[in-house]
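Visitor: Please read through the structure below; I'll follow up with questions.
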Amino acid sequence: MKFDIINVLNILKLMPVSLVLLIVSNLLLIIGFVVGKIILHKNKNAVKFFAYFSVVICVLFAIYFISIIWFALCNLFTPQAVYSVVLMIFLFMPFIIGRFATYERIHFYTNIQILTLIASLILAFGLAV
Amino acid sequence: MKDIWKKPNFIRVIVLGQSLDFEFVHEYQCKRAVLLFHGMTGSPFEMKKMGRALFEADFDVFCYCLPGHGTSPINIKTVRWQDWYNDSVNHYKTLSEKYAEVYMGGLCMGGVLALAIAAEHEGVKGIVSLSTTLYLDGWTIPWYNFFMPLGLHTILRYYYSFPEREPYGLKNEVLRKKIAALQKRNTEALDNYPMSCIYELLKLSKFARKNMCKVTTPVLLMHAKQDDLTSTKGSKFVYNNIKSEIKNYIELEDSYHLVVMDNERDYVFKTSIDFLNSLSDFAPGLESGQVAESAGV
């Protein structure tokens with residue numbers, strides 16, 4: 001299938017804003033964590049980089065959480081309510097991972113975080129389709 | 001006056017390994033010891049002047065690097081608040097076996113540690129808690145602080161560090177410049193606050209707040225009105241919630257967070273010594289065994 005930007009825009013227009021926000025923030029979070037993991041592996045003392053990195057990730061997390069709640073509330077009484085409930089699980093995942101994370105196993109827990117973000121992205125794409 | 005009050009010929013300073021731990025011990029058998037705790041991301045260096053002042057007032061003084069401090073900046077991210085607490089309790093227990101009176105003093109997180117220990121150990125004779133950090137609500141906390149819970153409770157806490165910046169907890173501008181220059185050279189004191197460390201401090205603070213009502217030890221609290229890291233709310237909370245009969249709270253007018261180094265440090269030292277002497281049975285000028293009147297400050 002030929003990639004057509006106009007088609008993509010048309011699909012985006014049909015999607016609820018909350019879902020678009022969720023997909024975009026999700027994608028950026030995955031990219032962010034992958035970049036963060038690579039930089040952390042190369043230079044553990046890049047304090048300035050991680051200061052800006054963390055602020056950006058925090059903003060993205062905030063958008064991610066808001067879009068999940070927004071989407072779930074909008075679809076509370078629709079046939080998609082079940083998916084909304086499943087999506088709500090991802091709201092708590094970063095905090096559950098954070099609860100168990102340790103500095104010694106930071107790479108492992110970052111991988112888990114990335115995997116959960118990929119899972120929520122797949123679910124969001126599923127809802128979009 | 002007994003012989004024990006004779007001034008020592010020299011100070012026995014024990015520097016342990018490469019760290020900045022210090023022990024100021026009198027040559028004679030001193031019966032009073034003060035265990036000092038430094039602040040979060042700091043080192044015993046910041047307590048050294050206070051230690052010396054207490055030593056000159058006839059106290060044996062001990063100050064050790066808290067776990068994770070004084071070595072690689074990475075190490076501080078691997079410690080839990082229980083490590084700080086257990087290590088400090090061990091030092092306290094060791095001293096309480098050797099000395100008739102054991103006092104504790106601390107700056108910032110050190111003050112919280114001292115209070116947390118006193119809540120569980122009734123043998124502590126007295127506490128001097130300076131710039132007690134139960135909350136991070138000082139005026140230099142960044143504007144984006146409201147994002148903090150997102151960082152604290154996710155894996156981001158192992159990525160983010162608050163950069164240490166002006167005024168470095170000091171109102172005295174000359175000292176501030178010196179500390180800034182020193183910080184560039186000194187690897188023992190960190191130039192940033194890792195968020196994981198703040199996470200552990202807040203957990204320790206929560207533990208201390210929960211147990212505050214168990215504190216019956218005499219407590220002296222000193223806090224700068226213009227503290228840049230933590231407002232006076234923390235010290236006021238301690239003052240209002242401890243069950244100590246002797247408790248004093250003093251607000252400092254001309255200092256920031258590092259009250260043991262700032263403009264009013266001499267006042268802080270003198271007030272601390274007067275307070276501890278007022279609690280002591282072995283204060284200079286008293287015959288051994290004569291109970292000092294706990295008049296407070």
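The way I read the labels, and the way they are meant: chains A, B, ... in the order of the structure tokens, residue 1 as the first residue of every chain, and ligand 1 as the first ligand shown, with later ones counted on from there.
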Could you write out as a ChimeraX atom specification the residues of chain A within 9 Å of chain B, counting only C-alpha atoms?
Guide: /A:36,40,44-45,47-48,50-55,57-59,61-62,94-104,106,109-110,113
Visitor: Those same residues, written as a compact mmCIF listing (two decimals), in the first residue's frame with N, CA and C atoms?
Guide:
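Heads up, here's the output in again_6.txt:
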# COMPACT_ATOMS: atom_id res chain seq x y z
N GLY A 36 17.06 7.74 26.08
CA GLY A 36 17.56 7.86 27.45
C GLY A 36 18.40 6.67 27.85
N LEU A 40 22.24 6.81 28.81
CA LEU A 40 22.60 6.33 30.16
C LEU A 40 23.70 5.27 30.08
N LYS A 44 26.80 7.84 32.33
CA LYS A 44 25.91 7.84 33.49
C LYS A 44 25.84 9.20 34.19
N ASN A 45 26.82 10.05 33.94
CA ASN A 45 26.87 11.34 34.65
C ASN A 45 26.45 12.53 33.78
N VAL A 47 24.36 14.78 33.67
CA VAL A 47 23.32 15.36 34.53
C VAL A 47 22.42 16.33 33.77
N LYS A 48 23.05 17.22 32.98
CA LYS A 48 22.26 18.23 32.28
C LYS A 48 21.32 17.59 31.26
N PHE A 50 20.05 14.60 31.34
CA PHE A 50 18.96 13.89 32.02
C PHE A 50 17.99 14.86 32.71
N ALA A 51 18.46 16.05 33.05
CA ALA A 51 17.56 17.05 33.63
C ALA A 51 16.50 17.44 32.59
N TYR A 52 16.95 17.80 31.38
CA TYR A 52 16.01 18.18 30.32
C TYR A 52 15.18 16.97 29.88
N PHE A 53 15.86 15.84 29.74
CA PHE A 53 15.21 14.59 29.33
C PHE A 53 14.03 14.27 30.26
N SER A 54 14.29 14.37 31.57
CA SER A 54 13.26 14.00 32.54
C SER A 54 12.08 14.95 32.50
N VAL A 55 12.36 16.24 32.31
CA VAL A 55 11.26 17.21 32.24
C VAL A 55 10.38 16.89 31.02
N ILE A 57 10.07 13.97 29.45
CA ILE A 57 9.37 12.71 29.69
C ILE A 57 8.19 12.93 30.66
N CYS A 58 8.40 13.79 31.66
CA CYS A 58 7.32 14.08 32.62
C CYS A 58 6.13 14.72 31.91
N VAL A 59 6.42 15.67 31.02
CA VAL A 59 5.36 16.35 30.25
C VAL A 59 4.63 15.31 29.39
N PHE A 61 4.48 12.08 29.88
CA PHE A 61 3.71 11.19 30.77
C PHE A 61 2.38 11.85 31.15
N ALA A 62 2.45 13.15 31.45
CA ALA A 62 1.24 13.88 31.84
C ALA A 62 0.22 13.83 30.69
N PRO A 94 3.40 2.70 34.78
CA PRO A 94 4.66 3.40 35.12
C PRO A 94 4.91 3.47 36.63
N PHE A 95 3.81 3.60 37.40
CA PHE A 95 3.97 3.69 38.86
C PHE A 95 4.28 2.32 39.47
N ILE A 96 3.68 1.28 38.89
CA ILE A 96 3.96 -0.08 39.39
C ILE A 96 5.43 -0.42 39.10
N ILE A 97 5.87 -0.10 37.87
CA ILE A 97 7.28 -0.37 37.50
C ILE A 97 8.21 0.46 38.39
N GLY A 98 7.84 1.71 38.60
CA GLY A 98 8.64 2.61 39.45
C GLY A 98 8.75 2.11 40.87
N ARG A 99 7.69 1.46 41.34
CA ARG A 99 7.66 0.95 42.72
C ARG A 99 8.75 -0.12 42.93
N PHE A 100 8.95 -0.95 41.91
CA PHE A 100 9.89 -2.06 42.05
C PHE A 100 11.29 -1.76 41.49
N ALA A 101 11.41 -0.67 40.76
CA ALA A 101 12.68 -0.38 40.08
C ALA A 101 13.82 -0.11 41.07
N THR A 102 15.02 -0.51 40.68
CA THR A 102 16.22 -0.19 41.45
C THR A 102 17.26 0.34 40.46
N TYR A 103 18.20 1.10 40.99
CA TYR A 103 19.22 1.67 40.09
C TYR A 103 20.09 0.58 39.46
N GLU A 104 20.35 -0.47 40.23
CA GLU A 104 21.19 -1.56 39.72
C GLU A 104 20.55 -2.22 38.50
N ILE A 106 18.29 -0.72 36.39
CA ILE A 106 17.59 0.36 35.68
C ILE A 106 17.34 0.01 34.21
N TYR A 109 14.39 -2.45 33.98
CA TYR A 109 13.09 -1.81 34.22
C TYR A 109 12.73 -0.80 33.13
N THR A 110 13.74 -0.20 32.52
CA THR A 110 13.46 0.70 31.39
C THR A 110 12.91 -0.12 30.22
N GLN A 113 9.38 -0.87 30.90
CA GLN A 113 8.59 0.35 30.65
C GLN A 113 8.34 0.52 29.15
Visitor: Using only C-alpha atoms, which residues sit within 7 Å of Met212 of chain B once same-chain residues fewer than 2 positions away are excluded, as an MDAnalysis selection string?
Guide: chainID B and resid 119 208:210 214:215 238 241:242
Visitor: Output the selection as a short mmCIF file (atom, residue, chain, number, x, y, z; two decimals), in the first residue's frame - N, CA and C atoms for each residue.
Guide:
data_model
loop_
_atom_site.label_atom_id
_atom_site.label_comp_id
_atom_site.auth_asym_id
_atom_site.auth_seq_id
_atom_site.Cartn_x
_atom_site.Cartn_y
_atom_site.Cartn_z
N ALA B 119 12.94 8.75 68.14
CA ALA B 119 11.58 8.23 68.28
C ALA B 119 11.59 6.76 68.70
N ALA B 208 9.58 9.59 59.71
CA ALA B 208 9.85 10.45 60.87
C ALA B 208 8.57 11.17 61.31
N ARG B 209 7.81 11.68 60.34
CA ARG B 209 6.57 12.40 60.68
C ARG B 209 5.59 11.48 61.42
N LYS B 210 5.54 10.22 60.92
CA LYS B 210 4.62 9.24 61.51
C LYS B 210 5.00 8.95 62.97
N LYS B 214 6.31 10.04 69.12
CA LYS B 214 7.03 9.16 70.06
C LYS B 214 8.27 9.85 70.64
N VAL B 215 8.63 11.01 70.08
CA VAL B 215 9.86 11.68 70.52
C VAL B 215 9.62 12.39 71.85
N VAL B 238 7.67 19.59 63.58
CA VAL B 238 8.37 18.84 64.64
C VAL B 238 8.02 19.44 66.00
N ASN B 241 4.54 18.58 67.17
CA ASN B 241 4.13 17.17 67.28
C ASN B 241 4.96 16.31 68.22
N ILE B 242 6.14 16.77 68.60
CA ILE B 242 6.92 15.95 69.54
C ILE B 242 6.33 16.07 70.95
#
Visitor: Taking the backbone alone, and naming residues the way the document does, which bits of segment 194-224 of chain B are strand (DSSP E) by DSSP, as a list in words?
Guide: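 Listing strand (DSSP E) positions across segment 194-224 of chain B yields Pro194, Val219, Leu220, Leu221, Met222, His223 and Ala224 of chain B.
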Visitor: Compare A:Phe71, A:Phe33, A:Tyr64, A:Phe77 by their minimum atom-to-atom distance to Val17 of chain A, counting only C-alpha atoms, and give me the closest one.
Guide: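 Of all the options, A:Phe71 lies closest to Val17 of chain A.
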Visitor: Tell me which of B:Met50, B:Met195, B:Leu258, B:Ile141 sits closest to His223 of chain B, counting only C-alpha atoms.
Guide: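 Ranked by minimum distance to His223 of chain B, first place goes to B:Leu258.
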Visitor: If we count only C-alpha atoms, what is near Leu276 of chain B at a cut-off of 10 Å, once residues fewer than 6 positions away on the same chain are taken out, given as JSON, numbers by chain?
Guide: {"B": [32, 34, 54, 57, 59, 103, 104, 125, 126, 127, 128, 218, 219, 220, 270, 283, 294, 296, 297]}
Visitor: Would you write out those residues with C-alpha atoms, as an mmCIF file, in the first residue's frame?
Guide:
data_model
loop_
_atom_site.group_PDB
_atom_site.id
_atom_site.type_symbol
_atom_site.label_atom_id
_atom_site.label_comp_id
_atom_site.auth_asym_id
_atom_site.auth_seq_id
_atom_site.Cartn_x
_atom_site.Cartn_y
_atom_site.Cartn_z
ATOM 1 C CA ARG B 32 29.505 13.118 76.747
ATOM 2 C CA VAL B 34 27.669 14.079 70.194
ATOM 3 C CA LEU B 54 31.283 21.146 70.382
ATOM 4 C CA ALA B 57 32.894 22.736 74.766
ATOM 5 C CA PHE B 59 32.025 16.962 74.052
ATOM 6 C CA TYR B 103 23.473 13.586 72.046
ATOM 7 C CA MET B 104 22.662 13.847 68.387
ATOM 8 C CA LYS B 125 19.914 12.621 75.823
ATOM 9 C CA GLY B 126 19.186 15.528 73.517
ATOM 10 C CA ILE B 127 18.885 16.570 69.897
ATOM 11 C CA VAL B 128 19.907 19.612 67.918
ATOM 12 C CA PRO B 218 14.694 17.325 74.558
ATOM 13 C CA VAL B 219 14.954 18.957 71.151
ATOM 14 C CA LEU B 220 16.422 22.220 69.925
ATOM 15 C CA LYS B 270 26.771 28.734 70.963
ATOM 16 C CA ALA B 283 28.539 20.068 82.000
ATOM 17 C CA SER B 294 17.020 21.880 82.097
ATOM 18 C CA GLY B 296 16.332 25.361 77.821
ATOM 19 C CA VAL B 297 17.687 28.196 75.771
#
Visitor: State, in Å with one decimal place, the distance from atom CA of Thr230 of chain B to atom CA of Glu122 of chain B.
Guide: 27.6 Å
Visitor: Between atom CA of Tyr28 of chain B and atom CA of Ala118 of chain B, what distance in Å does the model show, to one decimal?
Guide: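 The value is 27.6 Å.
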Visitor: If we count only C-alpha atoms and set the cut-off at 12 Å, which residues sit around Ser96 of chain B, ignoring sequence neighbours fewer than 3 positions away in its own chain? Please answer as a ChimeraX atom specification.
Guide: /B:31-35,89-93,99-104,121-125
Visitor: Please produce an output containing N, CA and C atoms for each residue in the selection, written as a short mmCIF file (atom, residue, chain, number, x, y, z; two decimals), in the first residue's frame.
Guide:
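What ended up in result04.cif:
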data_model
loop_
_atom_site.label_atom_id
_atom_site.label_comp_id
_atom_site.auth_asym_id
_atom_site.auth_seq_id
_atom_site.Cartn_x
_atom_site.Cartn_y
_atom_site.Cartn_z
N LYS B 31 32.63 11.91 79.16
CA LYS B 31 31.39 11.13 79.35
C LYS B 31 30.27 11.57 78.42
N ARG B 32 30.57 12.60 77.62
CA ARG B 32 29.50 13.12 76.75
C ARG B 32 29.94 13.01 75.28
N ALA B 33 29.07 12.46 74.48
CA ALA B 33 29.40 12.36 73.05
C ALA B 33 28.27 12.96 72.22
N VAL B 34 28.66 13.57 71.15
CA VAL B 34 27.67 14.08 70.19
C VAL B 34 27.89 13.38 68.86
N LEU B 35 26.83 12.79 68.35
CA LEU B 35 26.87 12.15 67.05
C LEU B 35 26.21 13.10 66.05
N VAL B 89 21.83 4.25 63.41
CA VAL B 89 21.47 3.56 64.67
C VAL B 89 22.67 2.78 65.19
N ASN B 90 23.39 2.11 64.29
CA ASN B 90 24.58 1.36 64.70
C ASN B 90 25.62 2.27 65.35
N HIS B 91 25.83 3.43 64.75
CA HIS B 91 26.79 4.39 65.34
C HIS B 91 26.30 4.86 66.71
N TYR B 92 25.00 5.11 66.80
CA TYR B 92 24.43 5.55 68.07
C TYR B 92 24.62 4.48 69.15
N LYS B 93 24.33 3.23 68.77
CA LYS B 93 24.44 2.13 69.74
C LYS B 93 25.88 1.96 70.22
N TYR B 99 29.60 5.89 76.25
CA TYR B 99 29.40 7.20 76.89
C TYR B 99 28.16 7.21 77.78
N ALA B 100 28.26 8.01 78.84
CA ALA B 100 27.13 8.15 79.76
C ALA B 100 26.00 8.95 79.10
N GLU B 101 26.39 9.93 78.31
CA GLU B 101 25.38 10.77 77.64
C GLU B 101 25.69 10.82 76.14
N VAL B 102 24.71 10.49 75.37
CA VAL B 102 24.88 10.60 73.91
C VAL B 102 23.84 11.57 73.35
N TYR B 103 24.34 12.60 72.69
CA TYR B 103 23.47 13.59 72.05
C TYR B 103 23.58 13.39 70.53
N MET B 104 22.59 13.91 69.84
CA MET B 104 22.66 13.85 68.39
C MET B 104 22.36 15.21 67.79
N HIS B 121 14.53 5.24 70.10
CA HIS B 121 15.51 4.98 71.15
C HIS B 121 15.42 6.05 72.25
N GLU B 122 14.93 5.65 73.41
CA GLU B 122 14.69 6.63 74.47
C GLU B 122 15.97 7.12 75.13
N GLY B 123 17.08 6.42 74.90
CA GLY B 123 18.33 6.78 75.58
C GLY B 123 18.99 8.04 75.06
N VAL B 124 18.52 8.58 73.97
CA VAL B 124 19.15 9.79 73.42
C VAL B 124 18.91 10.95 74.39
N LYS B 125 20.01 11.61 74.76
CA LYS B 125 19.91 12.62 75.82
C LYS B 125 19.37 13.96 75.30
#
